[in-house]
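Since the structure comes first, as structure tokens, the remarks are kept for the end.
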Amino acid sequence: MKKLCILGVLITGLFIQTMAGNDQEDRILLPQNGFVAGLNKIAMVRAPADSFCIITADNNIVFRGKLQGPAFWSYSGDWVQKADFSALKAPGEYYFALPGTKEQRRFRIHDDPYGDIANAAVKAFYYNRCSYPILPAYGGVFQREAGHPDREVYVHQSAASEKRPEGTVLSSPGGWYDAGDYNKYIVNSGITTYTMLLALEYFPTYWKSRNLAIPESGNNLPDLLDETLFNLRWMLTMQDSDGGVYHKLTTLNFEPFVMPADAHDKRYVIQKNTAASLDFAATMAHASGILADFSTELPGLADSCRKAAVAAWNWCKKNPGILYRQPPDISTGAYGDGDIRDEWFWAGVEMTVLTGSAFPDSLLNKLQFQTPSWGSVATLGLITALTNSGKIKPELYTRCQTVFYTYVDQLINLADKSAWPVSLDYWAWGSNSDIANQGLLKMVAYAFRNDVKYLHSALNDMNYLAGVNPTGYCFITGFGEKSPMNIHHRVSGSDKISDPVPGFLAGGPNTVVFSDCPDIRRSLLPALSYVDELCSYSTNEIAINWNAPLVFLAGAISCAAGQLQSTK
Ligand code: 9MR
Ligand code: 9MR
């Protein structure tokens, strides 16, 4: 038993009353892979105390502090207090203790707690490769046979054209499985692939030095790029000869929970449309710019991407408003979007940067710029604009800056005022990815402005995902003391290994759907409404578009931690 730090306990009547209604088991919430030594450290406390202390493994009290709060978070219905001990910087094993109680929790301060998570988050994409065996040398116990060769994919009625009538056989192997299911969706692949490329673009030296132990490791490219190319090359196969892009490659219905090699349903490409084609154009245009730096290792690829982008863009100009309509015989993910102005903006900016075509300035005034998600991509256009000052007229560039920083500063204000130190004020399917994407935006702002308020807030987002949240889960599989074991992931659910495939971010709490696990009770409070159950696709699935911002954010924090070390 560790030493208790006796500082006296002040308990307000209000606090006792509310605590009685709080059935959360975790009363001290810490990032479960450790705090970053050189950066801010905020733990959250849900226990009646007014101070805290930090004790070393050999029983020395090295820090005493006052708790800030309590403050109420309506999203989780709990009263919480903040414990800020940023001043404690020495790496090591510690105990976080509350005086006058027996509450304490072990934790670490570490130079780089997020480096392993960053690597694992990319490796998760490797584990989700379609048409590809996971070999023991790279996958260890998670080895598996290849599934879904996708060399015989049928043109669905909704995708039929004169040159490719219904039933035409196409080849479209590779790419990542979207999520817990085995289908591949262009809209979602677009933002994901872009975000992976963005991580490389913002932290090139960092990612060049990471060894992910994938089959391509050891070639002359960063492993992150190798992994991303696996999907980019698949995306290229989804373009029709007229430039339009299929929405998805899918079975008619979701396949059961069996391993990829045991799933044999027929696969189809479905309806070309403007949203998919714009996302494709934007991603290919961006990729072309990045791949230009690798023309020796990847001869011709940047040019292929450029041509694909231009062809898709031209198709969109001829077909400006074709929305995706899920055909009646298809029941897999829809990724349908009724408003594609943000897709027009994103693709418009990318095409400006690639070809010098007109900047989509009228949309800059009209659109709402939000945290990026598969259906809301306008802010991706802003990020690309920020990175390409030379290619955008100064007046427009300044406006992009204003819109971007206004939004990110709003996020910072929200986090400053919030009981839990994050910016989230809406709870969607995949809420954890919204936290990760907010962290991404803050790190983009930090890269340009060098103001540590962005870095500190992004780290709080990262720490939320790693355990400093109302559920007490570290939401990344394979990390932390309390971590998802039963993700809605067909491979993890059928590989007979008790651990889930590591490195995946669980979708996280929300109240969008309650029918997925009819027999399981779930909180009505959105920030608590999460269950680690296989049936819970609405809270416990994994998805490539959720892992990509985790790659960006964990890598960004790990990179920042490394820079702190080298200047120490
Ligand atoms: O497994 C599917 C998951 O990947 C999707 O995100 C989710 C929502 O579209 O649907 C899941 O499939 C379920 C289906 O919708 C209803 N029957 C049970 C399926 C889960 O096993
Ligand atoms: O992330 C998607 C979410 O925004 C939607 O509300 C939900 C229902 O349509 O679908 C989610 O995406 C799923 C996709 O449709 C199928 N593969 C699994 C994705 C993650 O659950």
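Chain labels follow the order of the structure tokens: the first chain is A, the next B, and so on; residue numbering restarts at 1 in every chain, and ligands are counted from 1 in their shown order.
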
- request: For ligand 1, collect every residue having any atom at a distance of at most 9 Å from a ligand atom (counting only C-alpha atoms and all ligand atoms); output as a PyMOL selection string.
  value: chain A and resi 178-183+253-257+331-334+488-490+516+534-538+541-543

message: Which residues are close to Ala385 in chain A, i.e. within 9 Å by only C-alpha atoms, leaving aside same-chain residues fewer than 2 positions away? Reply as a PyMOL selection string.
response: chain A and resi 349-350+353+380-383+387-389+391-392+397+400-401

- prompt: Taking the backbone alone, and naming residues the way the document does, which bits of range 83-166 of chain A are strand (DSSP E or B) by DSSP, as a PyMOL selection string?
  reply: chain A and resi 83-84+92-97+104-110+129+134+144+153-155

- prompt: Hey, what's within 8 Å of Ser558 in chain A if we count only C-alpha atoms and toss same-chain stuff fewer than 2 positions away? As a PyMOL selection string, please?
  reply: chain A and resi 112-115+118+554-556+560-562

message: Could you list, as a VMD selection string, every residue within 12 Å of Val513 in chain A, counting only C-alpha atoms and ignoring same-chain residues fewer than 5 positions away?
response: chain A and resid 427 to 430 518 522 to 524 526 529 to 530 535 to 540

Spatial neighbours of range 470-479 of chain A, 6 Å, only C-alpha atoms, chain gap at least 2 places, as an mmCIF file with all heavy atoms, in the first residue's frame:
data_model
loop_
_atom_site.group_PDB
_atom_site.id
_atom_site.type_symbol
_atom_site.label_atom_id
_atom_site.label_comp_id
_atom_site.auth_asym_id
_atom_site.auth_seq_id
_atom_site.Cartn_x
_atom_site.Cartn_y
_atom_site.Cartn_z
ATOM 1 N N ASP A 26 -14.220 3.997 -12.632
ATOM 2 C CA ASP A 26 -12.903 4.628 -12.627
ATOM 3 C C ASP A 26 -13.009 6.042 -12.093
ATOM 4 O O ASP A 26 -13.669 6.877 -12.693
ATOM 5 C CB ASP A 26 -12.330 4.658 -14.043
ATOM 6 C CG ASP A 26 -12.282 3.274 -14.649
ATOM 7 O OD1 ASP A 26 -11.506 2.452 -14.146
ATOM 8 O OD2 ASP A 26 -13.055 3.022 -15.589
ATOM 9 N N LEU A 465 -8.411 9.851 -25.824
ATOM 10 C CA LEU A 465 -8.533 8.570 -26.534
ATOM 11 C C LEU A 465 -7.802 7.461 -25.788
ATOM 12 O O LEU A 465 -8.151 6.289 -25.893
ATOM 13 C CB LEU A 465 -7.977 8.687 -27.957
ATOM 14 C CG LEU A 465 -8.692 9.700 -28.856
ATOM 15 C CD1 LEU A 465 -8.003 9.800 -30.210
ATOM 16 C CD2 LEU A 465 -10.165 9.328 -29.034
ATOM 17 N N ALA A 466 -6.788 7.839 -25.022
ATOM 18 C CA ALA A 466 -5.963 6.848 -24.323
ATOM 19 C C ALA A 466 -6.420 6.620 -22.882
ATOM 20 O O ALA A 466 -5.708 5.985 -22.108
ATOM 21 C CB ALA A 466 -4.506 7.276 -24.368
ATOM 22 N N GLY A 467 -7.581 7.156 -22.502
ATOM 23 C CA GLY A 467 -8.103 6.827 -21.176
ATOM 24 C C GLY A 467 -8.689 7.970 -20.371
ATOM 25 O O GLY A 467 -9.422 7.740 -19.413
ATOM 26 N N LYS A 482 -7.321 -0.909 -19.578
ATOM 27 C CA LYS A 482 -8.737 -1.178 -19.842
ATOM 28 C C LYS A 482 -8.998 -0.744 -21.273
ATOM 29 O O LYS A 482 -9.060 0.440 -21.576
ATOM 30 C CB LYS A 482 -9.590 -0.373 -18.857
ATOM 31 C CG LYS A 482 -11.089 -0.539 -19.055
ATOM 32 C CD LYS A 482 -11.841 0.226 -17.977
ATOM 33 C CE LYS A 482 -13.297 0.414 -18.353
ATOM 34 N NZ LYS A 482 -14.024 1.210 -17.349
ATOM 35 N N SER A 483 -9.093 -1.738 -22.135
ATOM 36 C CA SER A 483 -9.066 -1.454 -23.563
ATOM 37 C C SER A 483 -10.053 -2.386 -24.252
ATOM 38 O O SER A 483 -10.311 -3.482 -23.763
ATOM 39 C CB SER A 483 -7.620 -1.689 -23.988
ATOM 40 O OG SER A 483 -7.462 -1.748 -25.352
ATOM 41 N N PRO A 484 -10.645 -1.975 -25.388
ATOM 42 C CA PRO A 484 -11.651 -2.819 -26.043
ATOM 43 C C PRO A 484 -11.105 -4.206 -26.377
ATOM 44 O O PRO A 484 -10.016 -4.342 -26.910
ATOM 45 C CB PRO A 484 -11.953 -2.056 -27.341
ATOM 46 C CG PRO A 484 -11.543 -0.664 -27.087
ATOM 47 C CD PRO A 484 -10.424 -0.713 -26.108
ATOM 48 N N PRO A 502 -4.444 -5.510 -32.975
ATOM 49 C CA PRO A 502 -4.028 -4.276 -32.285
ATOM 50 C C PRO A 502 -3.958 -3.035 -33.175
ATOM 51 O O PRO A 502 -3.861 -3.139 -34.392
ATOM 52 C CB PRO A 502 -2.616 -4.628 -31.785
ATOM 53 C CG PRO A 502 -2.121 -5.679 -32.722
ATOM 54 C CD PRO A 502 -3.333 -6.444 -33.185
ATOM 55 N N GLY A 503 -4.003 -1.883 -32.511
ATOM 56 C CA GLY A 503 -3.774 -0.609 -33.188
ATOM 57 C C GLY A 503 -5.015 0.056 -33.737
ATOM 58 O O GLY A 503 -4.928 1.099 -34.377
ATOM 59 N N PHE A 504 -6.190 -0.529 -33.451
ATOM 60 C CA PHE A 504 -7.432 0.049 -33.962
ATOM 61 C C PHE A 504 -8.095 0.956 -32.933
ATOM 62 O O PHE A 504 -8.151 0.634 -31.747
ATOM 63 C CB PHE A 504 -8.430 -1.049 -34.338
ATOM 64 C CG PHE A 504 -8.167 -1.684 -35.676
ATOM 65 C CD1 PHE A 504 -7.803 -3.019 -35.768
ATOM 66 C CD2 PHE A 504 -8.290 -0.936 -36.843
ATOM 67 C CE1 PHE A 504 -7.577 -3.605 -37.011
ATOM 68 C CE2 PHE A 504 -8.067 -1.515 -38.085
ATOM 69 C CZ PHE A 504 -7.705 -2.853 -38.168
ATOM 70 N N LEU A 505 -8.648 2.064 -33.414
ATOM 71 C CA LEU A 505 -9.417 2.973 -32.566
ATOM 72 C C LEU A 505 -10.888 2.560 -32.619
ATOM 73 O O LEU A 505 -11.493 2.544 -33.698
ATOM 74 C CB LEU A 505 -9.277 4.399 -33.099
ATOM 75 C CG LEU A 505 -10.030 5.505 -32.345
ATOM 76 C CD1 LEU A 505 -9.472 5.667 -30.933
ATOM 77 C CD2 LEU A 505 -9.942 6.826 -33.109
ATOM 78 N N ALA A 506 -11.458 2.216 -31.475
ATOM 79 C CA ALA A 506 -12.892 1.893 -31.442
ATOM 80 C C ALA A 506 -13.691 3.164 -31.724
ATOM 81 O O ALA A 506 -13.282 4.262 -31.336
ATOM 82 C CB ALA A 506 -13.266 1.330 -30.078
ATOM 83 N N LEU A 528 -21.067 8.524 -22.432
ATOM 84 C CA LEU A 528 -20.901 7.264 -21.691
ATOM 85 C C LEU A 528 -21.481 6.078 -22.452
ATOM 86 O O LEU A 528 -21.343 4.935 -22.023
ATOM 87 C CB LEU A 528 -21.639 7.355 -20.351
ATOM 88 C CG LEU A 528 -20.921 8.009 -19.200
ATOM 89 C CD1 LEU A 528 -21.835 8.019 -17.983
ATOM 90 C CD2 LEU A 528 -19.630 7.268 -18.876
#
